[in-house]
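protein-v3.pdb (PDB, C-alpha atoms) appears below.
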```pdb
MODEL        1
ATOM      1  CA  MET K   1      -8.672  -8.883   3.796
ATOM      2  CA  SER K   2     -10.706  -5.743   3.389
ATOM      3  CA  PHE K   3     -11.851  -2.872   5.506
ATOM      4  CA  VAL K   4     -13.556   0.481   5.298
ATOM      5  CA  GLY K   5     -11.118   3.318   5.836
ATOM      6  CA  ASP K   6     -11.807   5.892   8.557
ATOM      7  CA  GLU K   7      -9.190   8.478   7.655
ATOM      8  CA  VAL K   8      -7.182   9.697   4.719
ATOM      9  CA  SER K   9      -4.243   7.332   4.278
ATOM     10  CA  ASP K  10      -0.854   7.932   2.706
ATOM     11  CA  SER K  11      -2.283   6.697  -0.587
ATOM     12  CA  GLY K  12      -4.988   9.356  -0.594
ATOM     13  CA  VAL K  13      -7.859   6.971   0.127
ATOM     14  CA  ASP K  14     -10.623   8.959   1.847
ATOM     15  CA  SER K  15     -13.030   7.962   4.605
ATOM     16  CA  ARG K  16     -15.729   6.711   2.223
ATOM     17  CA  SER K  17     -13.515   4.134   0.518
ATOM     18  CA  ARG K  18     -13.324   0.401   0.754
ATOM     19  CA  LEU K  19      -9.805  -1.012   0.629
ATOM     20  CA  GLU K  20      -9.291  -4.609  -0.424
ATOM     21  CA  SER K  21      -5.907  -6.303  -0.408
ATOM     22  CA  TYR K  22      -4.706  -9.316  -2.371
ATOM     23  CA  VAL K  23      -1.406 -11.160  -2.270
ATOM     24  CA  PHE K  24       0.933 -10.148  -5.096
ATOM     25  CA  SER K  25       3.951 -12.055  -6.380
ATOM     26  CA  CYS K  26       5.999 -12.195  -9.557
ATOM     27  CA  GLU K  27       9.251 -13.850 -10.561
ATOM     28  CA  LEU K  28      11.983 -12.065 -12.493
ATOM     29  CA  SER K  29      14.755 -13.961 -14.286
ATOM     30  CA  SER K  30      16.856 -13.840 -17.428
ATOM     31  CA  GLU K  31      13.932 -15.504 -19.295
ATOM     32  CA  SER K  32      11.391 -12.956 -18.010
ATOM     33  CA  PRO K  33      13.328  -9.863 -16.909
ATOM     34  CA  PHE K  34      10.344  -7.555 -16.370
ATOM     35  CA  TYR K  35       6.767  -7.530 -15.099
ATOM     36  CA  THR K  36       4.223  -4.726 -15.520
ATOM     37  CA  PHE K  37       1.491  -4.337 -12.922
ATOM     38  CA  GLN K  38      -1.512  -2.849 -14.744
ATOM     39  CA  ALA K  39      -4.889  -1.768 -13.430
ATOM     40  CA  ASP K  40      -8.365  -1.777 -14.924
ATOM     41  CA  GLU K  41      -9.452   1.630 -16.171
ATOM     42  CA  ASP K  42     -12.369   2.280 -13.839
ATOM     43  CA  GLU K  43     -13.253   5.756 -12.581
ATOM     44  CA  ASP K  44     -14.265   4.649  -9.081
ATOM     45  CA  VAL K  45     -11.334   2.291  -8.466
ATOM     46  CA  GLU K  46      -7.677   2.975  -7.671
ATOM     47  CA  HIS K  47      -5.045   0.224  -7.767
ATOM     48  CA  PHE K  48      -1.845   0.278  -5.737
ATOM     49  CA  LEU K  49       1.085  -2.098  -5.525
ATOM     50  CA  GLU K  50       2.613  -2.360  -2.080
ATOM     51  CA  LEU K  51       6.015  -4.036  -2.373
ATOM     52  CA  ARG K  52       7.152  -5.934   0.726
ATOM     53  CA  THR K  53      10.066  -8.279  -0.099
ATOM     54  CA  ILE K  54      12.451  -9.228  -2.878
ATOM     55  CA  CYS K  55      14.137 -12.606  -2.467
ATOM     56  CA  LEU K  56      16.599 -14.595  -4.581
ATOM     57  CA  GLY K  57      15.338 -18.035  -5.585
ATOM     58  CA  ASP K  58      16.874 -21.478  -5.992
ATOM     59  CA  GLY K  59      19.554 -21.559  -8.655
ATOM     60  CA  ALA K  60      20.636 -17.933  -8.217
ATOM     61  CA  LYS K  61      24.243 -17.419  -9.277
ATOM     62  CA  GLN K  62      27.036 -15.657  -7.432
ATOM     63  CA  GLU K  63      26.327 -12.270  -9.056
ATOM     64  CA  ASN K  64      24.637  -8.975  -8.271
ATOM     65  CA  ASN K  65      20.934  -8.866  -9.125
ATOM     66  CA  VAL K  66      19.632  -5.306  -9.391
ATOM     67  CA  VAL K  67      15.867  -4.731  -9.347
ATOM     68  CA  GLU K  68      14.509  -1.483 -10.763
ATOM     69  CA  VAL K  69      11.009  -0.021 -10.365
ATOM     70  CA  THR K  70       9.453   2.298 -12.962
ATOM     71  CA  ALA K  71       6.372   4.281 -11.920
ATOM     72  CA  MET K  72       4.865   7.757 -12.026
ATOM     73  CA  ASN K  73       6.140  10.469  -9.712
ATOM     74  CA  HIS K  74       3.967  13.214  -8.185
ATOM     75  CA  GLN K  75       4.242  15.240 -11.428
ATOM     76  CA  GLY K  76       2.934  12.389 -13.583
ATOM     77  CA  LYS K  77       6.351  11.639 -15.125
ATOM     78  CA  LYS K  78       7.754   8.117 -15.388
ATOM     79  CA  ILE K  79      10.853   7.586 -13.286
ATOM     80  CA  SER K  80      13.019   4.499 -12.754
ATOM     81  CA  VAL K  81      14.653   3.765  -9.421
ATOM     82  CA  PRO K  82      16.787   0.799  -8.336
ATOM     83  CA  VAL K  83      15.227  -0.651  -5.154
ATOM     84  CA  ALA K  84      17.406  -3.709  -4.453
ATOM     85  CA  ASN K  85      20.876  -5.089  -5.173
ATOM     86  CA  LEU K  86      20.851  -8.743  -4.108
ATOM     87  CA  ASN K  87      23.705 -11.253  -3.938
ATOM     88  CA  ILE K  88      23.302 -14.894  -2.874
ATOM     89  CA  SER K  89      26.360 -14.804  -0.570
ATOM     90  CA  CYS K  90      25.693 -11.596   1.379
ATOM     91  CA  LEU K  91      22.166 -10.237   0.783
ATOM     92  CA  PRO K  92      19.760 -12.883  -0.582
ATOM     93  CA  MET K  93      16.617 -11.001   0.534
ATOM     94  CA  VAL K  94      15.542  -7.433   1.226
ATOM     95  CA  SER K  95      12.484  -6.103   3.030
ATOM     96  CA  LEU K  96      11.017  -2.949   1.510
ATOM     97  CA  GLY K  97       8.569  -2.279   4.330
ATOM     98  CA  GLU K  98       5.354  -0.994   2.786
ATOM     99  CA  PHE K  99       6.672   0.560  -0.431
ATOM    100  CA  GLU K 100       3.389   1.683  -2.054
ATOM    101  CA  LEU K 101       3.090   2.692  -5.722
ATOM    102  CA  MET K 102       0.097   3.612  -7.867
ATOM    103  CA  ALA K 103      -0.460   1.490 -10.997
ATOM    104  CA  PRO K 104       0.985   1.131 -13.578
ATOM    105  CA  VAL K 105       4.291  -0.153 -12.165
ATOM    106  CA  THR K 106       7.052  -1.988 -14.033
ATOM    107  CA  LEU K 107       9.499  -4.209 -12.161
ATOM    108  CA  ARG K 108      12.697  -5.025 -14.054
ATOM    109  CA  LEU K 109      15.733  -7.186 -13.418
ATOM    110  CA  LYS K 110      18.265  -4.580 -14.523
ATOM    111  CA  SER K 111      21.337  -6.768 -14.012
ATOM    112  CA  GLY K 112      21.929 -10.373 -13.044
ATOM    113  CA  SER K 113      20.027 -13.466 -14.083
ATOM    114  CA  GLY K 114      17.909 -14.175 -10.999
ATOM    115  CA  PRO K 115      15.639 -15.929 -10.396
ATOM    116  CA  LEU K 116      14.102 -13.687  -7.765
ATOM    117  CA  THR K 117      10.629 -13.222  -6.373
ATOM    118  CA  VAL K 118       9.023  -9.858  -5.701
ATOM    119  CA  SER K 119       6.117 -10.061  -3.262
ATOM    120  CA  GLY K 120       3.673  -7.697  -1.635
ATOM    121  CA  LEU K 121       0.035  -6.637  -1.806
ATOM    122  CA  HIS K 122      -2.274  -5.522  -4.597
ATOM    123  CA  LEU K 123      -4.472  -2.851  -2.972
ATOM    124  CA  VAL K 124      -7.814  -1.922  -4.530
ATOM    125  CA  ALA K 125      -9.553   1.223  -3.241
ATOM    126  CA  THR K 126     -13.177   1.670  -4.268
ATOM    127  CA  GLU K 127     -15.679   4.349  -3.375
ATOM    128  CA  ASN K 128     -18.112   2.982  -0.840
ATOM    129  CA  GLU K 129     -21.382   4.627  -1.936
ATOM    130  CA  GLU K 130     -23.679   1.572  -1.817
ATOM    131  CA  SER K 131     -22.493   0.150   1.486
ATOM    132  CA  GLY K 132     -25.301   1.685   3.542
ATOM    133  CA  ILE K 133     -23.008   4.086   5.304
ATOM    134  CA  SER K 134     -24.334   7.610   5.110
ATOM    135  CA  ASP K 135     -23.877  10.902   6.884
ATOM    136  CA  GLU K 136     -27.230  10.388   8.590
ATOM    137  CA  ASP K 137     -26.054   7.112  10.133
ATOM    138  CA  ASP K 138     -22.907   8.801  11.420
ATOM    139  CA  ASP K 139     -24.978  11.478  13.169
ATOM    140  CA  ASP K 140     -26.821   8.817  15.184
ATOM    141  CA  ASP K 141     -23.562   7.458  16.581
ATOM    142  CA  ASP K 142     -22.269  10.856  17.665
ATOM    143  CA  VAL K 143     -23.199  12.048  21.129
ATOM    144  CA  SER K 144     -24.006  15.732  21.173
ATOM    145  CA  GLU K 145     -22.626  18.077  23.792
ATOM    146  CA  GLU K 146     -26.097  18.438  25.324
ATOM    147  CA  GLU K 147     -26.292  14.725  26.139
ATOM    148  CA  MET K 148     -22.858  14.523  27.736
ATOM    149  CA  PRO K 149     -22.657  15.235  31.463
ATOM    150  CA  SER K 150     -20.452  18.116  32.420
ATOM    151  CA  VAL K 151     -17.023  17.268  33.749
ATOM    152  CA  LYS K 152     -16.232  18.652  37.172
ATOM    153  CA  PRO K 153     -12.730  18.789  38.630
ATOM    154  CA  ALA K 154     -11.976  16.337  41.415
ATOM    155  CA  LYS K 155     -11.910  17.692  44.938
ATOM    156  CA  LYS K 156      -8.511  17.626  46.577
ATOM    157  CA  LYS K 157      -8.226  16.445  50.126
ATOM    158  CA  GLN K 158      -6.819  19.090  52.436
ATOM    159  CA  ARG K 159      -4.025  18.047  54.741
ATOM    160  CA  ALA K 160      -4.333  19.203  58.304
TER     161      ALA K 160
ENDMDL
END
```
If you took the structure in this file and wrote it as structure tokens, what would it be?
Amino acid sequence: MSFVGDEVSDSGVDSRSRLESYVFSCELSSESPFYTFQADEDEDVEHFLELRTICLGDGAKQENNVVEVTAMNHQGKKISVPVANLNISCLPMVSLGEFELMAPVTLRLKSGSGPLTVSGLHLVATENEESGISDEDDDDDDVSEEEMPSVKPAKKKQRA
């Protein structure tokens, strides 16, 4: 799925960007307790991880499984935040909505043995310079005020 953005989104993608989305999934367990989502170092590309769900898998024990996310805050400092505390008997799955983070992001099974699956979208925003869209093309689509007919108020019927 991909589209060309028309407005500035929450992620800061401007109107001349192309946004592509890919399914993301990773499994955390006692054997592999963390996963780091990295991005290619490209000047014209921004990578985002949009977390959607965290779900306990088959074989999960009766224990609390805490998932922690480490990413950059708005000041460029790494911070770690617990985002889910799952238990097979009362909360086997949590929906995070559209929890969007800029790469790099580390997901860690802070406590418990899992297994659990973290799923969401890998979003790739690229500048859309070669797509044929230009300011000149946009001007052709706009209707100037001169071409638009004037709007006149409707006449009200008078009651006798």
**Asked** Using only C-alpha atoms, what residues lie at most 10 Å away from (9.2, -7.2, 0.0) (file coordinates), given as a list in words?
**Response**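 It turns out the residues near that spot are Ser25, Glu50, Leu51, Arg52, Thr53, Ile54, Cys55, Ala84, Met93, Val94, Ser95, Leu96, Gly97, Glu98, Phe99, Thr117, Val118, Ser119, Gly120 and Leu121 of chain K.
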Would you mind exporting C-alpha atoms of the selected residues as a compact mmCIF listing (two decimals), in the coordinates of the input?
```txt
# COMPACT_ATOMS: atom_id res chain seq x y z
CA SER K 25 3.95 -12.06 -6.38
CA GLU K 50 2.61 -2.36 -2.08
CA LEU K 51 6.02 -4.04 -2.37
CA ARG K 52 7.15 -5.93 0.73
CA THR K 53 10.07 -8.28 -0.10
CA ILE K 54 12.45 -9.23 -2.88
CA CYS K 55 14.14 -12.61 -2.47
CA ALA K 84 17.41 -3.71 -4.45
CA MET K 93 16.62 -11.00 0.53
CA VAL K 94 15.54 -7.43 1.23
CA SER K 95 12.48 -6.10 3.03
CA LEU K 96 11.02 -2.95 1.51
CA GLY K 97 8.57 -2.28 4.33
CA GLU K 98 5.35 -0.99 2.79
CA PHE K 99 6.67 0.56 -0.43
CA THR K 117 10.63 -13.22 -6.37
CA VAL K 118 9.02 -9.86 -5.70
CA SER K 119 6.12 -10.06 -3.26
CA GLY K 120 3.67 -7.70 -1.64
CA LEU K 121 0.04 -6.64 -1.81
```
**Message:** What would the selection look like, as a PyMOL selection string, if the PyMOL selection byres ((chain K and resi 112) around 12) were run on the coordinates I just shared?
**Reply:** chain K and resi 28-33+56+60-68+84-88+108-111+113-116
**Residues near Val105 (chain K), cut-off 7 Å, all atoms listed in the file, skip fewer than 5 positions along chain, as a list of chain:residue names** =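 Counting only the stated atoms, we get K:Thr36, K:Phe37, K:Gln38, K:Val69, K:Thr70, K:Ala71.
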Next, dump the selected residues to file, keeping only C-alpha atoms, as a PDB file, in the coordinates of the input.
```
ATOM      1  CA  THR K  36       4.223  -4.726 -15.520  1.00  0.00           C
ATOM      2  CA  PHE K  37       1.491  -4.337 -12.922  1.00  0.00           C
ATOM      3  CA  GLN K  38      -1.512  -2.849 -14.744  1.00  0.00           C
ATOM      4  CA  VAL K  69      11.009  -0.021 -10.365  1.00  0.00           C
ATOM      5  CA  THR K  70       9.453   2.298 -12.962  1.00  0.00           C
ATOM      6  CA  ALA K  71       6.372   4.281 -11.920  1.00  0.00           C
TER       7      ALA K  71
END
```
**Best match for closeness to Val124 (chain K) among K:Cys26, K:Leu91, K:Ala39, K:Leu107, counting all atoms listed in the file** =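 The answer is K:Ala39, which sits nearest to Val124 (chain K).
Taking CA of Phe24 (chain K) and CA of Leu123 (chain K) as endpoints, the distance between them is 9.3 Å.
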**Distance in Å - CA of Asp44 (chain K) versus CA of Glu20 (chain K)** = 13.6 Å
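Atom to atom, CA of Glu46 (chain K) and CA of Ala125 (chain K) stand 5.1 Å apart.
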